[in-house]
$ cat coords30.txt   # compact mmCIF, C-alpha atoms and all ligand atoms
# COMPACT_ATOMS: atom_id res chain seq x y z
CA MET A 218 12.91 -15.26 26.05
CA PRO A 219 15.08 -12.66 24.23
CA ASN A 220 14.06 -9.06 24.82
CA ILE A 221 13.00 -6.83 21.95
CA LEU A 222 12.79 -3.08 22.55
CA VAL A 223 9.48 -1.90 21.07
CA THR A 224 9.23 1.88 20.85
CA GLY A 225 5.62 3.00 20.50
CA GLY A 226 4.44 -0.28 22.03
CA ALA A 227 1.52 1.52 23.68
CA GLY A 228 0.18 2.64 20.30
CA TYR A 229 -2.03 0.97 17.74
CA ILE A 230 0.47 -1.01 15.69
CA GLY A 231 3.11 -1.35 18.42
CA SER A 232 0.66 -3.00 20.83
CA HIS A 233 -0.29 -5.58 18.17
CA ALA A 234 3.42 -6.15 17.51
CA CYS A 235 3.95 -6.85 21.21
CA LYS A 236 1.23 -9.48 21.11
CA ALA A 237 2.79 -11.12 18.05
CA LEU A 238 6.30 -10.97 19.57
CA LYS A 239 5.15 -12.66 22.76
CA ALA A 240 3.43 -15.38 20.73
CA ALA A 241 6.66 -15.86 18.75
CA GLY A 242 8.73 -16.40 21.92
CA TYR A 243 10.17 -12.94 22.56
CA THR A 244 9.68 -10.52 25.46
CA PRO A 245 8.54 -7.15 24.12
CA VAL A 246 9.80 -4.23 26.22
CA THR A 247 7.65 -1.19 25.47
CA PHE A 248 9.26 2.25 25.44
CA ASP A 249 6.62 4.96 25.01
CA ASN A 250 5.89 8.48 26.22
CA LEU A 251 2.10 7.92 26.00
CA SER A 252 1.72 11.06 23.86
CA THR A 253 -0.73 9.21 21.60
CA GLY A 254 -0.63 5.73 23.17
CA TRP A 255 -2.36 4.03 26.08
CA GLU A 256 -0.79 2.33 29.09
CA GLU A 257 -3.76 -0.09 29.06
CA ALA A 258 -2.48 -1.37 25.70
CA VAL A 259 0.81 -2.57 27.23
CA LYS A 260 -0.23 -6.12 28.07
CA PHE A 261 2.45 -8.42 26.79
CA GLY A 262 5.69 -7.37 28.52
CA PRO A 263 7.36 -4.69 30.65
CA PHE A 264 6.66 -0.99 30.20
CA GLU A 265 9.24 1.80 30.37
CA LYS A 266 7.70 5.24 30.13
CA GLY A 267 10.11 7.56 28.37
CA ASP A 268 10.64 9.92 25.48
CA LEU A 269 12.89 9.18 22.49
CA GLN A 270 14.56 12.51 23.08
CA ASP A 271 15.74 11.43 26.55
CA ARG A 272 19.06 9.78 25.74
CA ALA A 273 19.89 8.97 29.38
CA LYS A 274 16.63 7.09 29.77
CA LEU A 275 17.24 5.20 26.52
CA ASP A 276 20.75 4.23 27.64
CA ALA A 277 19.37 2.98 30.97
CA VAL A 278 16.73 0.88 29.20
CA PHE A 279 19.28 -0.70 26.84
CA ALA A 280 21.52 -1.48 29.83
CA ALA A 281 18.71 -2.95 31.90
CA TYR A 282 17.12 -5.17 29.23
CA GLN A 283 19.98 -5.90 26.80
CA PRO A 284 17.55 -6.19 23.87
CA VAL A 285 18.67 -8.28 20.89
CA ALA A 286 16.81 -5.97 18.48
CA VAL A 287 14.75 -2.80 18.27
CA MET A 288 11.34 -2.42 16.64
CA HIS A 289 10.81 1.29 16.20
CA PHE A 290 7.15 2.28 15.87
CA ALA A 291 7.17 5.48 17.96
CA ALA A 292 6.34 8.57 15.91
CA LEU A 293 3.83 11.30 15.43
CA THR A 294 1.72 10.18 12.48
CA GLN A 295 -0.82 12.77 11.37
CA VAL A 296 -0.21 14.15 7.90
CA GLY A 297 -2.40 17.23 8.44
CA GLU A 298 -0.77 18.11 11.75
CA SER A 299 2.65 17.74 10.16
CA LEU A 300 1.74 20.42 7.61
CA GLN A 301 0.85 22.82 10.43
CA LEU A 302 3.69 21.89 12.78
CA PRO A 303 6.64 20.66 10.70
CA GLY A 304 9.15 21.44 13.47
CA LEU A 305 7.31 19.14 15.87
CA TYR A 306 7.52 16.30 13.33
CA TRP A 307 11.17 16.76 12.46
CA ARG A 308 12.10 17.02 16.14
CA ASN A 309 10.02 14.10 17.39
CA ASN A 310 10.40 11.72 14.48
CA VAL A 311 13.88 12.50 13.20
CA LEU A 312 15.79 13.74 16.24
CA GLY A 313 13.99 11.15 18.37
CA SER A 314 14.95 8.35 15.95
CA LEU A 315 18.54 9.58 15.71
CA ASN A 316 18.78 9.47 19.49
CA LEU A 317 17.41 5.93 19.53
CA ILE A 318 19.73 4.77 16.75
CA GLU A 319 22.76 6.23 18.53
CA ALA A 320 21.72 4.61 21.81
CA ALA A 321 21.21 1.23 20.07
CA VAL A 322 24.61 1.40 18.39
CA ALA A 323 26.30 2.46 21.65
CA ALA A 324 24.70 -0.55 23.37
CA GLY A 325 25.85 -2.91 20.60
CA CYS A 326 22.26 -3.65 19.57
CA LEU A 327 22.68 -3.77 15.78
CA LYS A 328 19.36 -5.21 14.57
CA PHE A 329 16.74 -2.57 13.86
CA VAL A 330 13.25 -2.74 12.34
CA PHE A 331 11.74 0.60 11.32
CA SER A 332 8.16 1.70 10.56
CA SER A 333 8.24 3.80 7.44
CA THR A 334 5.36 4.63 5.16
CA CYS A 335 4.31 4.37 1.55
CA ALA A 336 3.76 8.11 1.81
CA VAL A 337 7.54 8.48 1.21
CA TYR A 338 6.71 7.85 -2.46
CA GLY A 339 4.49 10.93 -2.54
CA ASP A 340 1.78 11.58 -5.09
CA GLN A 341 2.82 9.58 -8.17
CA ASP A 342 -0.31 8.85 -10.15
CA ASN A 343 -0.31 5.81 -12.40
CA VAL A 344 3.10 4.72 -11.19
CA VAL A 345 3.62 1.22 -9.80
CA LEU A 346 4.99 1.81 -6.31
CA ASP A 347 7.75 -0.66 -5.71
CA GLU A 348 10.62 -0.34 -3.25
CA ASP A 349 12.86 1.26 -5.88
CA SER A 350 10.34 3.97 -6.82
CA ALA A 351 11.47 7.54 -6.41
CA GLN A 352 10.88 9.03 -2.98
CA GLN A 353 9.09 12.38 -3.20
CA PRO A 354 7.44 13.10 0.17
CA ILE A 355 4.86 15.89 0.08
CA ASN A 356 4.55 16.59 3.80
CA ALA A 357 6.72 16.79 6.92
CA TYR A 358 5.43 13.47 8.22
CA SER A 359 6.61 11.46 5.24
CA GLY A 360 9.70 13.65 4.91
CA SER A 361 10.63 12.68 8.45
CA LYS A 362 10.31 8.99 7.58
CA LYS A 363 12.50 9.33 4.50
CA ALA A 364 15.12 11.11 6.62
CA VAL A 365 15.21 8.26 9.15
CA GLU A 366 15.67 5.74 6.33
CA GLU A 367 18.72 7.74 5.25
CA ILE A 368 20.09 7.88 8.80
CA LEU A 369 19.78 4.10 9.07
CA ARG A 370 21.78 3.66 5.87
CA ASP A 371 24.53 5.92 7.22
CA PHE A 372 24.74 3.99 10.50
CA GLU A 373 24.93 0.74 8.58
CA ALA A 374 27.96 2.11 6.75
CA SER A 375 29.61 3.46 9.90
CA ASN A 376 28.61 0.89 12.54
CA GLY A 377 27.16 -2.12 10.75
CA LEU A 378 23.58 -1.41 11.87
CA GLN A 379 21.46 -4.07 10.12
CA HIS A 380 18.00 -2.75 9.44
CA VAL A 381 14.73 -3.73 7.86
CA VAL A 382 12.54 -0.84 6.73
CA PHE A 383 8.83 -1.54 6.30
CA ARG A 384 6.89 0.96 4.22
CA TYR A 385 3.33 0.38 5.32
CA PHE A 386 0.33 1.14 3.23
CA ASN A 387 -2.87 1.85 5.23
CA VAL A 388 -3.00 -0.25 8.34
CA ALA A 389 -6.47 -1.32 9.43
CA GLY A 390 -8.39 -3.83 11.53
CA ALA A 391 -7.67 -5.01 15.05
CA ASP A 392 -6.65 -8.05 17.03
CA PRO A 393 -9.48 -10.54 16.32
CA GLU A 394 -9.48 -11.40 20.05
CA ALA A 395 -9.99 -7.66 20.75
CA GLU A 396 -7.28 -7.57 23.45
CA VAL A 397 -5.88 -4.50 21.68
CA GLY A 398 -7.15 -2.34 18.86
CA GLU A 399 -7.06 1.07 17.23
CA PHE A 400 -7.88 4.06 19.39
CA HIS A 401 -6.50 7.50 18.65
CA GLN A 402 -7.54 10.72 20.34
CA PRO A 403 -8.39 12.56 18.15
CA GLU A 404 -9.05 9.87 15.55
CA THR A 405 -8.10 10.71 11.96
CA HIS A 406 -8.19 7.27 10.31
CA LEU A 407 -10.97 6.38 7.95
CA ILE A 408 -12.28 3.04 9.26
CA PRO A 409 -12.58 3.94 12.97
CA LEU A 410 -14.20 7.24 11.96
CA ILE A 411 -16.74 5.40 9.80
CA LEU A 412 -17.51 3.07 12.72
CA ASP A 413 -17.93 6.07 15.04
CA ALA A 414 -20.49 7.47 12.57
CA VAL A 415 -22.24 4.09 12.33
CA ASP A 416 -22.79 3.80 16.08
CA GLY A 417 -23.59 7.46 16.70
CA ARG A 418 -20.34 8.48 18.44
CA ARG A 419 -20.13 11.14 15.74
CA ASP A 420 -22.86 12.63 13.60
CA THR A 421 -21.39 11.95 10.19
CA LEU A 422 -18.40 10.71 8.22
CA THR A 423 -16.99 13.51 6.11
CA ILE A 424 -15.55 12.32 2.79
CA HIS A 425 -12.43 14.40 2.24
CA GLY A 426 -12.70 15.21 -1.45
CA THR A 427 -14.95 13.80 -4.14
CA ASP A 428 -13.20 15.39 -7.13
CA TYR A 429 -10.07 13.23 -7.33
CA ASP A 430 -9.11 11.66 -10.63
CA THR A 431 -10.37 8.20 -9.60
CA PRO A 432 -13.40 6.18 -10.79
CA ASP A 433 -15.71 7.47 -8.03
CA GLY A 434 -13.84 10.71 -7.26
CA THR A 435 -12.54 9.63 -3.83
CA CYS A 436 -9.00 8.71 -2.80
CA ILE A 437 -7.74 5.17 -3.19
CA ARG A 438 -5.68 3.36 -0.55
CA ASP A 439 -4.24 -0.13 -0.07
CA TYR A 440 -5.45 -1.43 3.32
CA VAL A 441 -3.47 -4.10 5.19
CA HIS A 442 -4.59 -5.88 8.36
CA VAL A 443 -2.59 -4.95 11.44
CA MET A 444 -2.14 -8.64 12.41
CA ASP A 445 -0.70 -9.44 8.97
CA LEU A 446 1.51 -6.37 9.21
CA VAL A 447 3.02 -7.38 12.55
CA GLU A 448 3.55 -10.95 11.30
CA GLY A 449 5.66 -9.31 8.59
CA HIS A 450 7.73 -7.74 11.38
CA ILE A 451 8.40 -11.13 12.95
CA LEU A 452 9.63 -12.32 9.54
CA GLY A 453 11.76 -9.16 9.31
CA MET A 454 13.35 -9.98 12.67
CA GLU A 455 14.11 -13.50 11.48
CA TRP A 456 15.59 -12.07 8.29
CA LEU A 457 18.01 -10.01 10.39
CA GLU A 458 18.76 -12.94 12.72
CA GLU A 459 19.69 -15.01 9.67
CA GLY A 460 22.16 -12.29 8.66
CA LYS A 461 20.44 -11.49 5.38
CA GLY A 462 21.32 -7.80 5.58
CA SER A 463 19.47 -4.52 5.36
CA ARG A 464 16.42 -4.36 3.12
CA ALA A 465 13.29 -2.25 2.52
CA PHE A 466 9.90 -3.90 2.01
CA ASN A 467 6.50 -2.49 1.11
CA LEU A 468 3.72 -3.99 3.23
CA GLY A 469 0.50 -3.73 1.24
CA THR A 470 -1.79 -6.09 -0.63
CA GLY A 471 -1.63 -4.53 -4.08
CA HIS A 472 -5.42 -3.92 -4.03
CA GLY A 473 -6.75 -0.39 -3.81
CA PHE A 474 -10.12 0.66 -2.37
CA SER A 475 -11.75 4.07 -2.63
CA VAL A 476 -13.22 5.87 0.36
CA ARG A 477 -16.70 5.14 -0.98
CA GLU A 478 -15.89 1.41 -1.29
CA VAL A 479 -14.70 1.29 2.34
CA ILE A 480 -17.96 2.96 3.39
CA GLU A 481 -19.99 0.37 1.45
CA HIS A 482 -18.13 -2.53 3.10
CA SER A 483 -18.66 -0.95 6.52
CA GLN A 484 -22.41 -0.73 5.89
CA THR A 485 -22.47 -4.39 4.94
CA VAL A 486 -20.44 -5.54 7.95
CA SER A 487 -22.33 -3.47 10.52
CA ASN A 488 -25.66 -3.84 8.74
CA ARG A 489 -26.29 -0.16 9.45
CA PRO A 490 -26.17 2.97 7.30
CA VAL A 491 -23.14 5.28 7.40
CA PRO A 492 -24.26 8.92 7.57
CA ILE A 493 -21.96 10.82 5.19
CA THR A 494 -21.15 14.43 4.29
CA GLU A 495 -19.16 15.30 1.18
CA GLY A 496 -16.40 17.76 2.10
CA PRO A 497 -13.37 19.39 0.47
CA ARG A 498 -10.01 17.69 -0.03
CA ARG A 499 -7.82 17.24 3.07
CA PRO A 500 -4.48 19.03 2.58
CA GLY A 501 -1.52 16.68 2.17
CA ASP A 502 -3.53 13.69 0.87
CA CYS A 503 -2.25 11.72 -2.12
CA THR A 504 -4.77 10.58 -4.76
CA LYS A 505 -3.82 6.93 -4.86
CA LEU A 506 -1.37 4.80 -2.87
CA VAL A 507 -1.28 1.12 -3.83
CA SER A 508 1.64 -1.27 -3.46
CA GLY A 509 2.98 -2.62 -6.70
CA SER A 510 5.46 -5.05 -5.22
CA LEU A 511 5.61 -8.67 -4.17
CA ARG A 512 9.03 -8.34 -2.54
CA ALA A 513 7.77 -9.09 1.00
CA LYS A 514 5.88 -12.12 -0.27
CA VAL A 515 8.70 -13.48 -2.38
CA GLU A 516 11.70 -12.72 -0.15
CA LEU A 517 10.23 -12.82 3.37
CA GLY A 518 7.55 -15.41 2.67
CA TRP A 519 4.91 -12.97 3.97
CA THR A 520 1.38 -14.24 3.28
CA PRO A 521 -1.38 -11.93 4.51
CA GLN A 522 -4.26 -13.93 6.02
CA ARG A 523 -6.78 -11.29 7.11
CA SER A 524 -6.21 -8.38 4.71
CA ASP A 525 -9.46 -8.58 2.78
CA LEU A 526 -11.57 -5.50 3.41
CA LYS A 527 -14.50 -7.40 4.96
CA THR A 528 -12.30 -9.09 7.58
CA MET A 529 -10.48 -5.83 8.38
CA VAL A 530 -13.72 -3.94 8.91
CA SER A 531 -15.24 -6.87 10.86
CA ASP A 532 -12.26 -7.06 13.23
CA ALA A 533 -12.28 -3.27 13.67
CA TRP A 534 -16.03 -3.39 14.35
CA ARG A 535 -15.61 -6.15 16.97
CA TRP A 536 -12.94 -4.09 18.73
CA HIS A 537 -15.03 -0.95 18.40
CA GLN A 538 -17.93 -2.65 20.17
CA SER A 539 -15.79 -4.25 22.88
CA GLY A 540 -14.96 -0.97 24.62
CA HIS A 541 -11.94 1.27 24.38
CA TYR A 542 -9.02 1.89 26.68
CA GLU A 543 -10.42 5.21 27.82
CA ILE A 544 -13.83 4.56 29.33
N1 LIG A 601 -1.42 3.54 11.04
C1 LIG A 601 -1.00 3.52 9.76
O1 LIG A 601 -1.79 3.32 8.82
C2 LIG A 601 0.46 3.71 9.45
C3 LIG A 601 0.86 3.70 8.10
C4 LIG A 601 2.20 3.89 7.78
C5 LIG A 601 3.14 4.00 8.80
N2 LIG A 601 2.74 4.00 10.09
C6 LIG A 601 3.78 4.13 11.12
O2 LIG A 601 3.61 3.10 12.11
C7 LIG A 601 4.04 3.57 13.38
C8 LIG A 601 2.95 3.32 14.41
O3 LIG A 601 1.77 4.01 14.01
P1 LIG A 601 0.42 3.91 14.87
O4 LIG A 601 -0.69 4.04 13.91
O5 LIG A 601 0.49 2.71 15.75
O6 LIG A 601 0.52 5.24 15.73
P2 LIG A 601 0.18 5.47 17.27
O7 LIG A 601 0.07 6.95 17.46
O8 LIG A 601 -0.98 4.64 17.71
O9 LIG A 601 1.47 4.93 18.02
C9 LIG A 601 2.66 5.67 18.12
C10 LIG A 601 3.20 5.50 19.53
O10 LIG A 601 4.45 6.18 19.64
C11 LIG A 601 4.47 6.89 20.88
N3 LIG A 601 5.42 8.00 20.71
C12 LIG A 601 5.35 9.01 19.81
N4 LIG A 601 6.41 9.84 19.95
C13 LIG A 601 7.17 9.31 20.95
C14 LIG A 601 8.39 9.73 21.55
N5 LIG A 601 9.03 10.84 21.20
N6 LIG A 601 8.89 8.97 22.55
C15 LIG A 601 8.25 7.84 22.95
N7 LIG A 601 7.09 7.41 22.42
C16 LIG A 601 6.56 8.15 21.43
C17 LIG A 601 3.04 7.31 21.11
O11 LIG A 601 2.73 7.60 22.47
C18 LIG A 601 2.27 6.09 20.60
O12 LIG A 601 2.04 5.14 21.62
C19 LIG A 601 4.40 5.05 13.20
O13 LIG A 601 5.78 5.15 13.05
C20 LIG A 601 3.68 5.42 11.91
O14 LIG A 601 4.34 6.47 11.24
C21 LIG A 601 1.43 3.86 10.45
O1 LIG A 602 -12.76 11.41 7.95
C1 LIG A 602 -12.10 10.98 6.99
C2 LIG A 602 -10.82 10.38 7.16
C3 LIG A 602 -10.14 9.95 6.03
N1 LIG A 602 -10.68 10.10 4.81
C4 LIG A 602 -9.94 9.65 3.62
O2 LIG A 602 -9.65 8.29 3.79
C5 LIG A 602 -8.40 7.97 3.21
C6 LIG A 602 -7.52 7.32 4.24
O3 LIG A 602 -7.21 8.28 5.25
P1 LIG A 602 -6.52 7.91 6.63
O4 LIG A 602 -7.21 6.73 7.24
O5 LIG A 602 -6.44 9.17 7.44
O6 LIG A 602 -5.07 7.43 6.19
P2 LIG A 602 -3.96 8.19 5.36
O7 LIG A 602 -4.11 9.65 5.39
O8 LIG A 602 -3.92 7.54 4.00
O9 LIG A 602 -2.65 7.89 6.20
C7 LIG A 602 -2.39 6.61 6.81
O10 LIG A 602 -1.70 5.83 5.89
C8 LIG A 602 -0.44 6.38 5.49
C9 LIG A 602 0.09 5.48 4.45
O11 LIG A 602 -0.78 5.53 3.35
C10 LIG A 602 0.44 6.50 6.72
O12 LIG A 602 1.67 7.02 6.38
C11 LIG A 602 -0.21 7.35 7.77
O13 LIG A 602 0.56 7.29 8.97
C12 LIG A 602 -1.58 6.82 8.08
O14 LIG A 602 -2.25 7.72 8.93
C13 LIG A 602 -7.83 9.30 2.68
O15 LIG A 602 -8.15 9.39 1.33
C14 LIG A 602 -8.61 10.35 3.44
O16 LIG A 602 -8.78 11.55 2.73
C15 LIG A 602 -11.93 10.67 4.63
O17 LIG A 602 -12.43 10.81 3.53
N2 LIG A 602 -12.60 11.09 5.74
$ encode --input "coords30.txt" --output "structure tokens"
Amino acid sequence: MPNILVTGGAGYIGSHACKALKAAGYTPVTFDNLSTGWEEAVKFGPFEKGDLQDRAKLDAVFAAYQPVAVMHFAALTQVGESLQLPGLYWRNNVLGSLNLIEAAVAAGCLKFVFSSTCAVYGDQDNVVLDEDSAQQPINAYSGSKKAVEEILRDFEASNGLQHVVFRYFNVAGADPEAEVGEFHQPETHLIPLILDAVDGRRDTLTIHGTDYDTPDGTCIRDYVHVMDLVEGHILGMEWLEEGKGSRAFNLGTGHGFSVREVIEHSQTVSNRPVPITEGPRRPGDCTKLVSGSLRAKVELGWTPQRSDLKTMVSDAWRWHQSGHYEI
């Protein structure tokens, strides 16, 4: 089975990608420093503990496993933290990615799949966000992702690095078999926080801002199921294997849900009330992020199967109740 180097394979999305890669006939080799990930989540292939900034370790891993491609999920991902600590984000996400890209090119591994974000488009109200939309990041996190996209383009020009960039909208849900799921410490993502409030792990869910220019005053996001998202990555790998060249794809459903709508669905799925508190806006948040593109569907043949809100919350709830890595 061909090896794929999966950076961030101990994290939320990377661990689901490893499961999908194994099912598709690849061996996922996880490279992760466990800064926000969990060794218990590495279940589907070998684990190499290491930091993206350790070039010698990266070179050794490329030499040992001879991966045919890289899937690069490893990053720091909290918008709020990136506003407080921009240097940390630029160093970890940009210098770390540059190191990885240089190591891949040096090893002759010229197929690269990168986790970017719809947040690279910034706060563009009433604009359809397609892959050609202007990129106007409003925080260091999304700025770091835009920078890595640019680095990839430069290494394509210089070394022929073929890359697929996926700009995710809000990733949600969990493996329906609950082998892996979402667990961040601290958690900042809406759905797991709602479920924590539902089952008493926290007192309340604070709604970050109720005065946005949206129908119910709360932010709107486009939620996509993590299993659908990682299936998109398998299609992205096949795209590169078929020599179709570098391309950027949004991965979202095109349907937006407000924070209050997500809370309502969570009450229905869990059949329990969600205790809420209305709080101020969270710095760095955009009002509305919804994908306006069918490119992944049309060109990759990506057909999301589980990305309706009820299924996403149900799968997250099942995982939530099955026990976490850290117990
Ligand atoms: N979760 C979302 O909704 C979302 C949306 C858009 C984009 N993304 C992107 O998807 C990717 C995965 O996100 P996630 O939600 O799974 O995050 P996560 O924190 O669960 O996983 C990230 C993993 O990367 C590892 N890591 C971080 N820095 C590293 C370094 N320097 N060296 C080695 N390993 C390192 C962490 O230990 C962790 O296991 C990230 O690149 C993120 O920016 C996520
Ligand atoms: O306790 C909470 C947590 C979140 N929210 C709101 O819920 C929405 C979604 O927030 P969250 O789940 O934290 O996701 P985002 O901040 O939208 O960011 C995610 O989605 C982005 C793409 O949209 C990615 O780039 C990021 O990595 C990923 O964390 C936002 O409006 C938040 O203000 C609350 O109201 N209360």
$ residues_near_ligand --input "coords30.txt" --ligand "ligand LIG 602 (chain A)" --cutoff "8 Å" --atoms "only C-alpha atoms and all ligand atoms" --output "mmCIF file with C-alpha atoms, keeping the file's coordinate frame"
data_model
loop_
_atom_site.group_PDB
_atom_site.id
_atom_site.type_symbol
_atom_site.label_atom_id
_atom_site.label_comp_id
_atom_site.auth_asym_id
_atom_site.auth_seq_id
_atom_site.Cartn_x
_atom_site.Cartn_y
_atom_site.Cartn_z
ATOM 1 C CA THR A 294 1.720 10.180 12.480
ATOM 2 C CA GLN A 295 -0.820 12.770 11.370
ATOM 3 C CA VAL A 296 -0.210 14.150 7.900
ATOM 4 C CA SER A 333 8.240 3.800 7.440
ATOM 5 C CA THR A 334 5.360 4.630 5.160
ATOM 6 C CA CYS A 335 4.310 4.370 1.550
ATOM 7 C CA ALA A 336 3.760 8.110 1.810
ATOM 8 C CA VAL A 337 7.540 8.480 1.210
ATOM 9 C CA TYR A 358 5.430 13.470 8.220
ATOM 10 C CA SER A 359 6.610 11.460 5.240
ATOM 11 C CA TYR A 385 3.330 0.380 5.320
ATOM 12 C CA PHE A 386 0.330 1.140 3.230
ATOM 13 C CA ASN A 387 -2.870 1.850 5.230
ATOM 14 C CA VAL A 388 -3.000 -0.250 8.340
ATOM 15 C CA THR A 405 -8.100 10.710 11.960
ATOM 16 C CA HIS A 406 -8.190 7.270 10.310
ATOM 17 C CA LEU A 407 -10.970 6.380 7.950
ATOM 18 C CA ILE A 408 -12.280 3.040 9.260
ATOM 19 C CA LEU A 410 -14.200 7.240 11.960
ATOM 20 C CA ILE A 411 -16.740 5.400 9.800
ATOM 21 C CA LEU A 422 -18.400 10.710 8.220
ATOM 22 C CA THR A 423 -16.990 13.510 6.110
ATOM 23 C CA ILE A 424 -15.550 12.320 2.790
ATOM 24 C CA HIS A 425 -12.430 14.400 2.240
ATOM 25 C CA GLY A 426 -12.700 15.210 -1.450
ATOM 26 C CA THR A 435 -12.540 9.630 -3.830
ATOM 27 C CA CYS A 436 -9.000 8.710 -2.800
ATOM 28 C CA ILE A 437 -7.740 5.170 -3.190
ATOM 29 C CA ARG A 438 -5.680 3.360 -0.550
ATOM 30 C CA ASP A 439 -4.240 -0.130 -0.070
ATOM 31 C CA SER A 475 -11.750 4.070 -2.630
ATOM 32 C CA VAL A 476 -13.220 5.870 0.360
ATOM 33 C CA ARG A 498 -10.010 17.690 -0.030
ATOM 34 C CA ARG A 499 -7.820 17.240 3.070
ATOM 35 C CA ASP A 502 -3.530 13.690 0.870
ATOM 36 C CA CYS A 503 -2.250 11.720 -2.120
ATOM 37 C CA THR A 504 -4.770 10.580 -4.760
ATOM 38 C CA LYS A 505 -3.820 6.930 -4.860
ATOM 39 C CA LEU A 506 -1.370 4.800 -2.870
#
$ residues_near_ligand --input "coords30.txt" --ligand "ligand LIG 601 (chain A)" --cutoff "6 Å" --atoms "only C-alpha atoms and all ligand atoms" --output "ChimeraX atom specification"
/A:225-231,249-254,267-269,290-294,309,313,332-334,385-388
$ write_last_selection --input "coords30.txt" --atoms "C-alpha atoms" --output "short mmCIF file (atom, residue, chain, number, x, y, z; two decimals), in the frame of the given file"
data_model
loop_
_atom_site.label_atom_id
_atom_site.label_comp_id
_atom_site.auth_asym_id
_atom_site.auth_seq_id
_atom_site.Cartn_x
_atom_site.Cartn_y
_atom_site.Cartn_z
CA GLY A 225 5.62 3.00 20.50
CA GLY A 226 4.44 -0.28 22.03
CA ALA A 227 1.52 1.52 23.68
CA GLY A 228 0.18 2.64 20.30
CA TYR A 229 -2.03 0.97 17.74
CA ILE A 230 0.47 -1.01 15.69
CA GLY A 231 3.11 -1.35 18.42
CA ASP A 249 6.62 4.96 25.01
CA ASN A 250 5.89 8.48 26.22
CA LEU A 251 2.10 7.92 26.00
CA SER A 252 1.72 11.06 23.86
CA THR A 253 -0.73 9.21 21.60
CA GLY A 254 -0.63 5.73 23.17
CA GLY A 267 10.11 7.56 28.37
CA ASP A 268 10.64 9.92 25.48
CA LEU A 269 12.89 9.18 22.49
CA PHE A 290 7.15 2.28 15.87
CA ALA A 291 7.17 5.48 17.96
CA ALA A 292 6.34 8.57 15.91
CA LEU A 293 3.83 11.30 15.43
CA THR A 294 1.72 10.18 12.48
CA ASN A 309 10.02 14.10 17.39
CA GLY A 313 13.99 11.15 18.37
CA SER A 332 8.16 1.70 10.56
CA SER A 333 8.24 3.80 7.44
CA THR A 334 5.36 4.63 5.16
CA TYR A 385 3.33 0.38 5.32
CA PHE A 386 0.33 1.14 3.23
CA ASN A 387 -2.87 1.85 5.23
CA VAL A 388 -3.00 -0.25 8.34
#
$ atom_distance --input "coords30.txt" --atom1 "atom CA of Gln379 of chain A" --atom2 "atom CA of Phe329 of chain A"
6.2 Å
$ residues_around --input "coords30.txt" --residues "Val441 of chain A" --least-positions-apart "2" --cutoff "10 Å" --atoms "only C-alpha atoms" --output "JSON, numbers by chain"
{"A": [385, 386, 387, 388, 389, 390, 438, 439, 443, 444, 445, 446, 468, 469, 470, 471, 472, 521, 522, 523, 524, 525, 526, 529]}
$ closest_atom_pairs --input "coords30.txt" --of "segment 347-434 of chain A" --to "segment 456-462 of chain A" --cutoff "10 Å" --atoms "all atoms listed in the file" --output "JSON lines"
{"residue": "A:Glu373", "atom": "CA", "partner": "A:Gly462", "partner_atom": "CA", "distance": 9.7}
{"residue": "A:Gly377", "atom": "CA", "partner": "A:Gly462", "partner_atom": "CA", "distance": 9.6}
{"residue": "A:Leu378", "atom": "CA", "partner": "A:Gly462", "partner_atom": "CA", "distance": 9.2}
{"residue": "A:Gln379", "atom": "CA", "partner": "A:Gly462", "partner_atom": "CA", "distance": 5.9}
{"residue": "A:His380", "atom": "CA", "partner": "A:Gly462", "partner_atom": "CA", "distance": 7.2}
{"residue": "A:Val381", "atom": "CA", "partner": "A:Leu457", "partner_atom": "CA", "distance": 7.5}
$ axis_aligned_box --input "coords30.txt" --around "segment 453-472 of chain A" --padding-each-side "4 Å" --output "lines of an AutoDock Vina configuration file"
center_x = 8.4
center_y = -8.6
center_z = 4.3
size_x = 35.6
size_y = 20.8
size_z = 24.8
$ closest_residue --input "coords30.txt" --among "A:Lys527, A:Arg512, A:His289, A:His450" --to "Phe474 of chain A" --atoms "all atoms listed in the file"
A:Lys527
$ atom_distance --input "coords30.txt" --atom1 "atom CA of Ala240 of chain A" --atom2 "atom CA of Ala391 of chain A"
16.2 Å
$ atom_distance --input "coords30.txt" --atom1 "atom CA of Ala364 of chain A" --atom2 "atom CA of Met454 of chain A"
22.0 Å
